[in-house]
>>> print(open('structure11.tsv').read())   # TSV, C-alpha atoms and all ligand atoms
chain	number	residue	atom	x	y	z
A	26	MET	CA	0.00	0.00	0.00
A	27	VAL	CA	1.26	3.47	-0.82
A	28	ASP	CA	1.17	5.65	2.24
A	29	ALA	CA	-0.56	9.00	2.00
A	30	PRO	CA	2.07	11.60	1.18
A	31	VAL	CA	2.52	13.89	4.14
A	32	MET	CA	3.72	17.37	3.29
A	33	THR	CA	5.81	19.45	5.58
A	34	GLN	CA	4.01	22.36	7.16
A	35	THR	CA	5.28	25.47	5.43
A	36	ASP	CA	3.67	28.72	4.38
A	37	THR	CA	3.59	27.61	0.78
A	38	PRO	CA	2.59	23.97	0.58
A	39	GLN	CA	4.63	21.96	-1.84
A	40	THR	CA	2.19	21.25	-4.63
A	41	SER	CA	4.16	20.05	-7.59
A	42	SER	CA	6.12	16.88	-8.12
A	43	ARG	CA	9.21	16.41	-10.19
A	44	PRO	CA	8.95	18.06	-13.63
A	45	GLY	CA	6.97	16.04	-16.15
A	46	ALA	CA	5.20	13.85	-13.55
A	47	PRO	CA	1.42	13.68	-14.08
A	48	THR	CA	-0.63	15.98	-11.87
A	49	MET	CA	-4.29	16.41	-11.01
A	50	ARG	CA	-6.66	18.78	-9.23
A	51	ALA	CA	-7.30	18.00	-5.55
A	52	LEU	CA	-8.73	19.47	-2.34
A	53	VAL	CA	-5.91	19.20	0.14
A	54	LYS	CA	-5.76	19.78	3.90
A	55	ALA	CA	-2.57	21.67	3.31
A	56	ARG	CA	-2.41	23.63	6.56
A	57	PRO	CA	-3.39	22.91	10.21
A	58	ALA	CA	-6.12	25.55	10.09
A	59	GLU	CA	-9.70	26.07	8.89
A	60	GLY	CA	-10.40	25.41	5.21
A	61	LEU	CA	-9.03	23.29	2.40
A	62	ASP	CA	-6.66	24.27	-0.41
A	63	PHE	CA	-7.42	23.70	-4.08
A	64	ASP	CA	-4.24	22.24	-5.52
A	65	ALA	CA	-4.21	22.30	-9.33
A	66	ASN	CA	-0.89	20.43	-9.54
A	67	ARG	CA	-1.14	17.56	-7.10
A	68	PRO	CA	0.92	14.58	-8.23
A	69	LEU	CA	-1.22	11.56	-9.13
A	70	PRO	CA	-1.24	8.85	-6.45
A	71	ASN	CA	1.95	6.84	-6.92
A	72	GLY	CA	2.58	8.75	-10.16
A	73	GLY	CA	-0.60	7.22	-11.63
A	74	GLU	CA	0.87	3.70	-11.53
A	75	PRO	CA	-1.19	1.15	-9.54
A	76	GLY	CA	0.68	-1.39	-7.45
A	77	PRO	CA	0.13	-5.06	-8.40
A	78	ARG	CA	-3.25	-5.29	-6.60
A	79	GLU	CA	-4.30	-1.64	-6.85
A	80	VAL	CA	-6.78	0.19	-9.04
A	81	LEU	CA	-6.49	3.81	-10.26
A	82	ILE	CA	-9.94	5.41	-10.47
A	83	ARG	CA	-10.87	8.64	-12.26
A	84	VAL	CA	-13.37	10.25	-9.85
A	85	ARG	CA	-16.66	11.47	-11.36
A	86	ALA	CA	-18.51	12.73	-8.30
A	87	ALA	CA	-17.95	12.83	-4.55
A	88	GLY	CA	-20.22	13.42	-1.57
A	89	VAL	CA	-19.33	16.01	1.07
A	90	CYS	CA	-19.76	14.52	4.54
A	91	GLY	CA	-20.02	15.77	8.12
A	92	THR	CA	-16.58	14.25	8.60
A	93	ASP	CA	-15.24	16.52	5.85
A	94	ARG	CA	-16.81	19.44	7.65
A	95	HIS	CA	-14.88	18.53	10.83
A	96	ILE	CA	-11.73	18.43	8.71
A	97	TRP	CA	-12.60	21.76	7.10
A	98	GLU	CA	-13.29	23.38	10.50
A	99	TRP	CA	-10.17	21.77	11.97
A	100	ASP	CA	-11.81	20.93	15.29
A	101	ASP	CA	-10.09	18.96	18.07
A	102	TRP	CA	-10.98	15.62	16.50
A	103	ALA	CA	-9.61	16.65	13.10
A	104	ALA	CA	-6.45	18.14	14.57
A	105	SER	CA	-5.79	14.91	16.49
A	106	ARG	CA	-6.48	12.56	13.58
A	107	ILE	CA	-5.86	14.09	10.16
A	108	PRO	CA	-2.32	14.11	8.71
A	109	VAL	CA	-1.73	17.57	7.26
A	110	GLY	CA	-1.15	17.27	3.52
A	111	ILE	CA	-3.69	14.59	2.64
A	112	VAL	CA	-6.30	14.81	-0.09
A	113	THR	CA	-9.72	14.83	1.65
A	114	GLY	CA	-13.04	13.16	0.75
A	115	HIS	CA	-14.19	9.54	1.15
A	116	GLU	CA	-17.53	9.11	-0.70
A	117	PHE	CA	-17.30	8.76	-4.47
A	118	VAL	CA	-18.18	7.27	-7.82
A	119	GLY	CA	-15.69	7.02	-10.65
A	120	VAL	CA	-14.44	5.02	-13.61
A	121	VAL	CA	-11.50	2.64	-13.51
A	122	GLU	CA	-8.56	4.15	-15.38
A	123	LYS	CA	-5.83	1.59	-14.80
A	124	VAL	CA	-5.40	-1.68	-12.90
A	125	GLY	CA	-2.32	-3.35	-11.40
A	126	GLU	CA	-0.85	-6.47	-12.98
A	127	ASP	CA	-2.34	-8.89	-10.43
A	128	VAL	CA	-5.85	-7.40	-10.43
A	129	THR	CA	-8.37	-9.97	-11.68
A	130	THR	CA	-11.89	-8.77	-10.83
A	131	ILE	CA	-11.80	-5.12	-11.86
A	132	LYS	CA	-11.36	-3.93	-15.44
A	133	ARG	CA	-10.54	-0.60	-17.02
A	134	GLY	CA	-13.72	1.36	-17.86
A	135	MET	CA	-15.86	-0.11	-15.05
A	136	ARG	CA	-18.00	2.41	-13.18
A	137	VAL	CA	-17.28	1.87	-9.49
A	138	SER	CA	-17.58	3.11	-5.95
A	139	ALA	CA	-15.44	1.78	-3.11
A	140	GLU	CA	-15.43	0.88	0.53
A	141	GLY	CA	-13.31	3.60	2.12
A	142	HIS	CA	-12.19	1.59	5.15
A	143	ILE	CA	-8.99	-0.20	4.25
A	144	ALA	CA	-8.06	-3.08	6.53
A	145	LYS	CA	-4.49	-4.27	6.47
A	146	GLY	CA	-5.66	-7.75	7.45
A	147	GLY	CA	-4.21	-10.37	9.75
A	148	ASP	CA	-6.07	-9.44	12.93
A	149	TYR	CA	-8.95	-11.23	14.63
A	150	ASN	CA	-11.78	-9.21	13.07
A	151	SER	CA	-10.32	-9.17	9.56
A	152	ARG	CA	-10.13	-12.94	9.70
A	153	THR	CA	-13.60	-13.53	11.16
A	154	GLY	CA	-15.79	-11.52	8.82
A	155	ASN	CA	-15.69	-8.23	10.72
A	156	ALA	CA	-13.10	-6.29	8.75
A	157	HIS	CA	-15.11	-3.08	9.29
A	158	ILE	CA	-13.79	-3.01	12.87
A	159	ALA	CA	-10.32	-4.34	12.12
A	160	ARG	CA	-7.28	-3.16	14.01
A	161	GLY	CA	-5.16	-0.55	12.24
A	162	MET	CA	-7.97	0.44	9.88
A	163	GLN	CA	-7.19	3.29	7.49
A	164	ILE	CA	-9.93	5.47	6.08
A	165	ILE	CA	-9.52	7.29	2.77
A	166	GLY	CA	-9.69	11.08	3.13
A	167	VAL	CA	-9.03	10.71	6.87
A	168	ASP	CA	-5.86	8.67	7.33
A	169	ARG	CA	-4.66	8.59	3.70
A	170	ASP	CA	-5.39	10.32	0.39
A	171	GLY	CA	-9.10	10.58	-0.46
A	172	CYS	CA	-11.41	11.27	-3.37
A	173	PHE	CA	-11.74	15.06	-3.67
A	174	ALA	CA	-9.37	14.78	-6.63
A	175	ASP	CA	-9.31	13.76	-10.26
A	176	TYR	CA	-7.89	10.36	-9.31
A	177	ILE	CA	-7.79	8.02	-6.33
A	178	MET	CA	-5.89	4.75	-5.84
A	179	MET	CA	-7.72	1.88	-4.10
A	180	PRO	CA	-6.92	-1.73	-3.26
A	181	GLU	CA	-8.75	-4.09	-5.63
A	182	GLU	CA	-10.74	-5.71	-2.82
A	183	ASN	CA	-12.27	-2.37	-1.79
A	184	VAL	CA	-13.62	-1.52	-5.24
A	185	TRP	CA	-17.37	-2.00	-5.77
A	186	PRO	CA	-18.55	-2.30	-9.39
A	187	LEU	CA	-21.85	-0.43	-9.74
A	188	HIS	CA	-25.10	-1.63	-11.25
A	189	GLU	CA	-25.96	0.51	-14.27
A	190	ALA	CA	-29.35	1.44	-12.76
A	191	ILE	CA	-27.73	3.32	-9.87
A	192	PRO	CA	-27.16	6.93	-10.96
A	193	ASP	CA	-23.96	8.83	-10.16
A	194	HIS	CA	-25.47	11.19	-7.58
A	195	ILE	CA	-26.63	8.16	-5.55
A	196	ALA	CA	-23.51	6.08	-6.21
A	197	ALA	CA	-21.51	9.01	-4.83
A	198	ILE	CA	-23.20	8.69	-1.42
A	199	MET	CA	-23.13	4.92	-0.89
A	200	ASP	CA	-20.65	5.35	1.96
A	201	PRO	CA	-23.13	7.15	4.28
A	202	LEU	CA	-26.03	5.13	2.87
A	203	GLY	CA	-24.03	2.10	4.00
A	204	ASN	CA	-23.88	3.51	7.54
A	205	ALA	CA	-27.66	3.83	7.50
A	206	VAL	CA	-28.21	0.37	6.01
A	207	HIS	CA	-25.74	-1.25	8.44
A	208	THR	CA	-27.53	0.40	11.39
A	209	VAL	CA	-31.04	-0.52	10.25
A	210	MET	CA	-30.10	-4.10	9.31
A	211	SER	CA	-28.20	-4.68	12.58
A	212	ALA	CA	-31.31	-3.76	14.54
A	213	ASN	CA	-33.62	-6.02	12.52
A	214	VAL	CA	-36.56	-3.62	12.04
A	215	SER	CA	-39.00	-5.78	10.07
A	216	ALA	CA	-42.51	-5.57	11.59
A	217	LYS	CA	-41.10	-3.50	14.48
A	218	ASN	CA	-41.87	-0.03	15.78
A	219	VAL	CA	-38.80	2.13	15.26
A	220	LEU	CA	-37.64	5.44	16.70
A	221	ILE	CA	-34.91	7.37	14.89
A	222	THR	CA	-33.40	10.15	17.01
A	223	GLY	CA	-31.77	12.71	14.70
A	224	VAL	CA	-32.65	13.10	11.03
A	225	GLY	CA	-29.48	14.56	9.60
A	226	THR	CA	-28.32	12.95	6.38
A	227	ILE	CA	-27.84	9.45	7.77
A	228	GLY	CA	-30.97	9.62	9.95
A	229	LEU	CA	-32.98	10.53	6.84
A	230	MET	CA	-31.38	7.69	4.92
A	231	ALA	CA	-32.20	5.36	7.82
A	232	THR	CA	-35.82	6.51	7.66
A	233	THR	CA	-36.30	5.45	4.05
A	234	VAL	CA	-34.21	2.29	4.56
A	235	ALA	CA	-36.28	1.27	7.63
A	236	ARG	CA	-39.45	1.83	5.62
A	237	ALA	CA	-38.13	-0.26	2.72
A	238	ALA	CA	-36.94	-2.96	5.14
A	239	GLY	CA	-40.44	-3.46	6.49
A	240	ALA	CA	-40.57	-1.44	9.70
A	241	SER	CA	-44.06	-1.06	11.13
A	242	ARG	CA	-44.37	2.46	12.56
A	243	ILE	CA	-41.45	4.87	12.24
A	244	PHE	CA	-41.11	7.79	14.66
A	245	VAL	CA	-38.39	10.40	14.18
A	246	THR	CA	-37.11	13.29	16.28
A	247	ASP	CA	-34.97	16.30	15.48
A	248	VAL	CA	-34.77	20.03	16.20
A	249	ASN	CA	-35.10	21.07	12.54
A	250	ASN	CA	-38.66	21.28	11.16
A	251	ASP	CA	-37.61	21.15	7.50
A	252	ARG	CA	-35.82	17.86	8.07
A	253	LEU	CA	-38.73	16.50	10.09
A	254	GLN	CA	-41.07	17.28	7.19
A	255	LEU	CA	-38.68	15.66	4.75
A	256	ALA	CA	-38.52	12.58	7.01
A	257	ARG	CA	-42.32	12.35	6.81
A	258	ARG	CA	-42.21	12.55	3.02
A	259	ILE	CA	-39.71	9.70	2.75
A	260	GLY	CA	-41.16	7.28	5.26
A	261	ALA	CA	-41.69	8.52	8.84
A	262	ASP	CA	-45.17	8.14	10.33
A	263	GLU	CA	-44.66	10.67	13.12
A	264	ALA	CA	-42.05	13.42	13.39
A	265	PHE	CA	-41.45	15.27	16.64
A	266	ASN	CA	-39.50	18.46	17.24
A	267	THR	CA	-37.80	17.91	20.59
A	268	ARG	CA	-37.55	21.68	21.13
A	269	GLY	CA	-41.22	21.38	22.15
A	270	GLY	CA	-40.34	19.28	25.24
A	271	ASP	CA	-40.59	15.55	25.83
A	272	ASP	CA	-44.37	14.99	25.66
A	273	TRP	CA	-43.66	13.15	22.41
A	274	ILE	CA	-42.38	10.21	24.45
A	275	ASP	CA	-45.90	9.72	25.88
A	276	GLU	CA	-47.30	9.90	22.36
A	277	VAL	CA	-44.91	7.19	21.21
A	278	LYS	CA	-45.92	5.06	24.21
A	279	ARG	CA	-49.63	5.55	23.45
A	280	ALA	CA	-49.03	4.42	19.88
A	281	THR	CA	-47.20	1.28	21.05
A	282	ARG	CA	-49.56	-0.26	23.67
A	283	ASP	CA	-47.72	1.74	26.38
A	284	GLU	CA	-44.64	-0.39	25.76
A	285	GLY	CA	-42.35	1.92	23.81
A	286	VAL	CA	-40.61	1.23	20.52
A	287	ASP	CA	-38.95	-2.09	19.73
A	288	VAL	CA	-35.95	-0.43	18.13
A	289	LEU	CA	-34.07	2.81	18.72
A	290	LEU	CA	-31.71	4.07	16.02
A	291	GLU	CA	-29.63	6.86	17.59
A	292	MET	CA	-28.31	9.11	14.83
A	293	SER	CA	-27.78	12.46	16.56
A	294	GLY	CA	-24.98	12.01	19.09
A	295	ALA	CA	-26.89	14.44	21.36
A	296	PRO	CA	-26.94	13.41	25.06
A	297	ALA	CA	-30.60	14.44	25.38
A	298	ALA	CA	-31.49	12.20	22.45
A	299	PHE	CA	-29.79	9.22	24.11
A	300	ASN	CA	-31.77	9.88	27.28
A	301	ASP	CA	-35.11	10.42	25.52
A	302	GLY	CA	-34.53	7.66	23.00
A	303	PHE	CA	-33.87	5.05	25.68
A	304	SER	CA	-36.86	6.38	27.66
A	305	ALA	CA	-39.02	5.61	24.62
A	306	LEU	CA	-37.50	2.15	24.12
A	307	ARG	CA	-39.53	-0.79	25.44
A	308	ASN	CA	-38.11	-3.28	27.92
A	309	GLY	CA	-36.04	-5.80	26.01
A	310	GLY	CA	-35.73	-3.48	23.02
A	311	THR	CA	-32.70	-2.97	20.81
A	312	ALA	CA	-30.76	0.28	20.46
A	313	ALA	CA	-28.33	0.73	17.58
A	314	LEU	CA	-26.02	3.69	18.17
A	315	LEU	CA	-24.40	5.50	15.25
A	316	GLY	CA	-24.36	9.17	16.32
A	317	LEU	CA	-21.11	10.32	17.92
A	318	PRO	CA	-21.40	12.41	21.09
A	319	SER	CA	-18.87	15.24	21.01
A	320	LYS	CA	-17.90	14.55	24.61
A	321	LYS	CA	-18.56	12.21	27.54
A	322	PHE	CA	-21.89	12.63	29.33
A	323	ASP	CA	-23.95	11.27	32.23
A	324	PHE	CA	-26.26	8.43	31.32
A	325	ASP	CA	-28.56	6.33	33.54
A	326	TRP	CA	-27.28	2.84	32.69
A	327	ASN	CA	-29.41	1.17	35.37
A	328	LYS	CA	-32.67	2.57	34.12
A	329	HIS	CA	-31.99	2.65	30.39
A	330	VAL	CA	-29.98	-0.51	29.78
A	331	ILE	CA	-29.60	-2.93	32.71
A	332	PHE	CA	-33.09	-3.03	34.25
A	333	LYS	CA	-34.58	-2.56	30.81
A	334	GLY	CA	-32.76	-5.62	29.50
A	335	ALA	CA	-31.88	-3.61	26.42
A	336	THR	CA	-29.56	-4.80	23.69
A	337	VAL	CA	-27.13	-2.07	22.70
A	338	LEU	CA	-25.27	-2.19	19.38
A	339	GLY	CA	-22.36	0.07	18.51
A	340	ILE	CA	-22.38	0.77	14.77
A	341	ASN	CA	-19.17	1.59	12.94
A	342	GLY	CA	-18.82	1.88	9.16
A	343	ARG	CA	-20.36	-0.72	6.91
A	344	ARG	CA	-20.00	-4.49	6.88
A	345	MET	CA	-17.60	-5.60	4.16
A	346	PHE	CA	-19.29	-6.42	1.99
A	347	GLU	CA	-22.63	-7.64	3.23
A	348	THR	CA	-23.84	-4.05	3.63
A	349	TRP	CA	-22.88	-3.25	0.02
A	350	TYR	CA	-24.94	-6.17	-1.29
A	351	GLN	CA	-27.86	-5.06	0.89
A	352	MET	CA	-27.52	-1.49	-0.38
A	353	GLU	CA	-27.57	-2.61	-3.98
A	354	ALA	CA	-30.61	-4.81	-3.34
A	355	LEU	CA	-32.46	-1.96	-1.62
A	356	LEU	CA	-31.55	0.54	-4.35
A	357	LEU	CA	-32.65	-1.82	-7.11
A	358	SER	CA	-35.93	-2.52	-5.29
A	359	GLY	CA	-36.88	1.05	-6.15
A	360	ARG	CA	-38.18	1.58	-2.63
A	361	LEU	CA	-35.55	3.98	-1.30
A	362	ARG	CA	-36.36	7.67	-1.54
A	363	LEU	CA	-32.99	9.37	-1.64
A	364	ASP	CA	-33.24	11.95	-4.43
A	365	GLU	CA	-34.49	14.72	-2.15
A	366	LEU	CA	-31.49	14.22	0.14
A	367	VAL	CA	-29.01	15.33	-2.53
A	368	THR	CA	-29.93	18.99	-2.26
A	369	HIS	CA	-26.94	20.44	-4.13
A	370	GLN	CA	-24.59	19.39	-6.92
A	371	MET	CA	-21.75	21.65	-8.01
A	372	PRO	CA	-18.28	21.55	-9.56
A	373	MET	CA	-15.39	20.72	-7.21
A	374	SER	CA	-14.03	24.25	-7.69
A	375	ASN	CA	-17.08	25.55	-5.75
A	376	TYR	CA	-16.00	23.61	-2.67
A	377	ALA	CA	-16.06	26.66	-0.38
A	378	GLN	CA	-19.74	27.18	-1.20
A	379	ALA	CA	-20.39	23.50	-0.54
A	380	PHE	CA	-18.98	23.79	2.97
A	381	SER	CA	-20.84	27.00	3.75
A	382	LEU	CA	-24.12	25.41	2.61
A	383	MET	CA	-23.43	22.57	5.04
A	384	GLN	CA	-22.49	24.90	7.88
A	385	SER	CA	-25.66	26.96	7.42
A	386	GLY	CA	-27.77	23.79	7.49
A	387	GLU	CA	-29.22	24.69	4.08
A	388	ALA	CA	-27.75	21.61	2.42
A	389	ILE	CA	-28.49	18.03	3.37
A	390	LYS	CA	-26.09	16.39	0.98
A	391	VAL	CA	-23.78	18.21	-1.43
A	392	VAL	CA	-22.26	16.22	-4.28
A	393	LEU	CA	-19.20	17.67	-5.98
A	394	ASN	CA	-18.97	16.96	-9.68
A	395	ILE	CA	-15.33	16.27	-10.41
A	396	ASN	CA	-15.21	14.77	-13.93
A	397	ASP	CA	-18.47	14.26	-15.79
A	401	ZN	ZN	-19.03	10.26	4.97
>>> encode(input="structure11.tsv", output="structure tokens")
Amino acid sequence: MVDAPVMTQTDTPQTSSRPGAPTMRALVKARPAEGLDFDANRPLPNGGEPGPREVLIRVRAAGVCGTDRHIWEWDDWAASRIPVGIVTGHEFVGVVEKVGEDVTTIKRGMRVSAEGHIAKGGDYNSRTGNAHIARGMQIIGVDRDGCFADYIMMPEENVWPLHEAIPDHIAAIMDPLGNAVHTVMSANVSAKNVLITGVGTIGLMATTVARAAGASRIFVTDVNNDRLQLARRIGADEAFNTRGGDDWIDEVKRATRDEGVDVLLEMSGAPAAFNDGFSALRNGGTAALLGLPSKKFDFDWNKHVIFKGATVLGINGRRMFETWYQMEALLLSGRLRLDELVTHQMPMSNYAQAFSLMQSGEAIKVVLNIND
């Protein structure tokens, strides 16, 4: 594997390679500060030459994620994790440009997406079907060069050939869709009453996925009325704004024989949502937790988990590659309603606008068009 090139921190980031080497356009975290730099002369990954089992992909479109926003804003998490100098971005669709000599399953010209978690293998979870939580995992656009660029290099085993019926703007967001599908499928929602706390991008995706996967009643909460309305349009039965207090918990109980929901999908990371969500969960229910709290908080384990006999699932990434097969099956079923979630599409050069649309809350999902 080629390690992500790490540039030295100088006032003028080094952007060009040796003369004559092929270059590309890329959004680079060039400085330990807010923002990203547009580099018009970034060297191609490994000079554009795939290793024996690598695939060079020409990126067509890429989704902008909340993670990218953390990297843009250079918060504590980003500063502690992101190597300065990497190309950012981890959600994409592209076309295979070149394959290494030992690559057998991927061919030049294939339209593909890719699993962005790269396991080096050899550890317990890699060897027992749980590579998504492998030790020493590297994530593209976080730990090594990502997809906000004309080209990205991926290991063959991470590349996912796309069905022709899946359009680019959806193929570009299969990474977060995979988070939603992994969460919903882990919690087994069929014929169950489901509460989704937090309908940001992934909570909205989880709403339509839970509907398609046969959930009975779907309740959602958030503090943003526009998103609550959108959640109703794509599959929620009831949508509650938690700014109005917690009477909604009684309403959920009334609608569920005073038991509470069978399944909680926590998508907000907000301490109040954990508390309320578990309060609305029935005894013996299942909670799948995807939202990341920004810091530690008090939580009543006795009441919410132990005496309740609750099953709690931590959700990280997507299962390789069970979740990808499930995603494809759900997308091809025609039952997912995702088009409204891609609120903006724009050229990569408008990246600053993309981030400000996310920061203002105006955008749900922005897709950058890189090479059409
Ligand atoms: Zn993402």
>>> residues_near_ligand(input="structure11.tsv", ligand="ligand ZN 401 (chain A)", cutoff="7 Å", atoms="all atoms listed in the file", output="list in words")
Val89, Cys90, Gly91, Thr92, His115, Glu116, Asp200 and Pro201 of chain A
>>> closest_residue(input="structure11.tsv", among="A:Leu355, A:Met371, A:Met210, A:Ala305", to="A:Lys328", atoms="all atoms listed in the file")
A:Ala305
>>> closest_residue(input="structure11.tsv", among="A:Ala295, A:Val286, A:Val80, A:Met352", to="A:Arg307", atoms="only C-alpha atoms")
A:Val286
>>> closest_residue(input="structure11.tsv", among="A:Thr281, A:Ser241, A:Ser293, A:Asn341", to="A:Leu229", atoms="all atoms listed in the file")
A:Ser293
>>> closest_residue(input="structure11.tsv", among="A:Phe346, A:Phe332, A:Phe244, A:Trp273", to="A:Glu291", atoms="all atoms listed in the file")
A:Phe244
>>> residues_around(input="structure11.tsv", residues="A:Arg236", least_positions_apart="2", cutoff="9 Å", atoms="all atoms listed in the file", output="VMD selection string")
chain A and resid 214 to 215 231 to 234 238 to 243 259 to 261 360 to 361
>>> atom_distance(input="structure11.tsv", atom1="atom CA of A:Ile131", atom2="atom CA of A:Pro47")
23.1 Å
>>> decode(input="structure11.tsv", residues="stretch 187-203 of chain A", atoms="N, CA, C and O atoms", output="CSV table (one decimal), in the first residue's frame")
chain,number,residue,atom,x,y,z
A,187,LEU,N,-20.5,-0.9,-9.9
A,187,LEU,CA,-21.8,-0.4,-9.7
A,187,LEU,C,-22.8,-1.0,-10.8
A,187,LEU,O,-22.5,-1.1,-11.9
A,188,HIS,N,-24.0,-1.3,-10.3
A,188,HIS,CA,-25.1,-1.6,-11.2
A,188,HIS,C,-25.5,-0.4,-12.1
A,188,HIS,O,-25.5,0.7,-11.6
A,189,GLU,N,-25.7,-0.6,-13.4
A,189,GLU,CA,-26.0,0.5,-14.3
A,189,GLU,C,-27.2,1.3,-13.9
A,189,GLU,O,-27.3,2.5,-14.3
A,190,ALA,N,-28.1,0.7,-13.1
A,190,ALA,CA,-29.3,1.4,-12.8
A,190,ALA,C,-29.1,2.4,-11.6
A,190,ALA,O,-30.1,3.2,-11.3
A,191,ILE,N,-28.0,2.4,-11.0
A,191,ILE,CA,-27.7,3.3,-9.9
A,191,ILE,C,-27.0,4.6,-10.4
A,191,ILE,O,-25.9,4.5,-10.9
A,192,PRO,N,-27.7,5.7,-10.4
A,192,PRO,CA,-27.2,6.9,-11.0
A,192,PRO,C,-26.0,7.5,-10.2
A,192,PRO,O,-25.8,7.2,-9.0
A,193,ASP,N,-25.2,8.3,-10.8
A,193,ASP,CA,-24.0,8.8,-10.2
A,193,ASP,C,-24.2,9.6,-8.8
A,193,ASP,O,-23.5,9.4,-7.9
A,194,HIS,N,-25.3,10.4,-8.8
A,194,HIS,CA,-25.5,11.2,-7.6
A,194,HIS,C,-25.8,10.3,-6.4
A,194,HIS,O,-25.6,10.7,-5.2
A,195,ILE,N,-26.4,9.1,-6.6
A,195,ILE,CA,-26.6,8.2,-5.6
A,195,ILE,C,-25.4,7.3,-5.3
A,195,ILE,O,-25.0,7.1,-4.1
A,196,ALA,N,-24.7,6.9,-6.4
A,196,ALA,CA,-23.5,6.1,-6.2
A,196,ALA,C,-22.5,6.8,-5.4
A,196,ALA,O,-21.7,6.2,-4.7
A,197,ALA,N,-22.5,8.2,-5.5
A,197,ALA,CA,-21.5,9.0,-4.8
A,197,ALA,C,-21.7,9.0,-3.3
A,197,ALA,O,-20.9,9.5,-2.6
A,198,ILE,N,-22.9,8.6,-2.9
A,198,ILE,CA,-23.2,8.7,-1.4
A,198,ILE,C,-23.5,7.3,-0.8
A,198,ILE,O,-24.2,7.2,0.2
A,199,MET,N,-22.9,6.3,-1.4
A,199,MET,CA,-23.1,4.9,-0.9
A,199,MET,C,-22.4,4.7,0.4
A,199,MET,O,-22.8,3.8,1.2
A,200,ASP,N,-21.4,5.5,0.7
A,200,ASP,CA,-20.7,5.4,2.0
A,200,ASP,C,-21.6,5.7,3.1
A,200,ASP,O,-21.8,4.8,4.0
A,201,PRO,N,-22.2,6.9,3.2
A,201,PRO,CA,-23.1,7.2,4.3
A,201,PRO,C,-24.4,6.3,4.2
A,201,PRO,O,-24.9,5.9,5.2
A,202,LEU,N,-24.9,6.0,3.0
A,202,LEU,CA,-26.0,5.1,2.9
A,202,LEU,C,-25.7,3.8,3.5
A,202,LEU,O,-26.5,3.2,4.2
A,203,GLY,N,-24.5,3.4,3.4
A,203,GLY,CA,-24.0,2.1,4.0
A,203,GLY,C,-24.1,2.2,5.5
A,203,GLY,O,-24.4,1.2,6.2
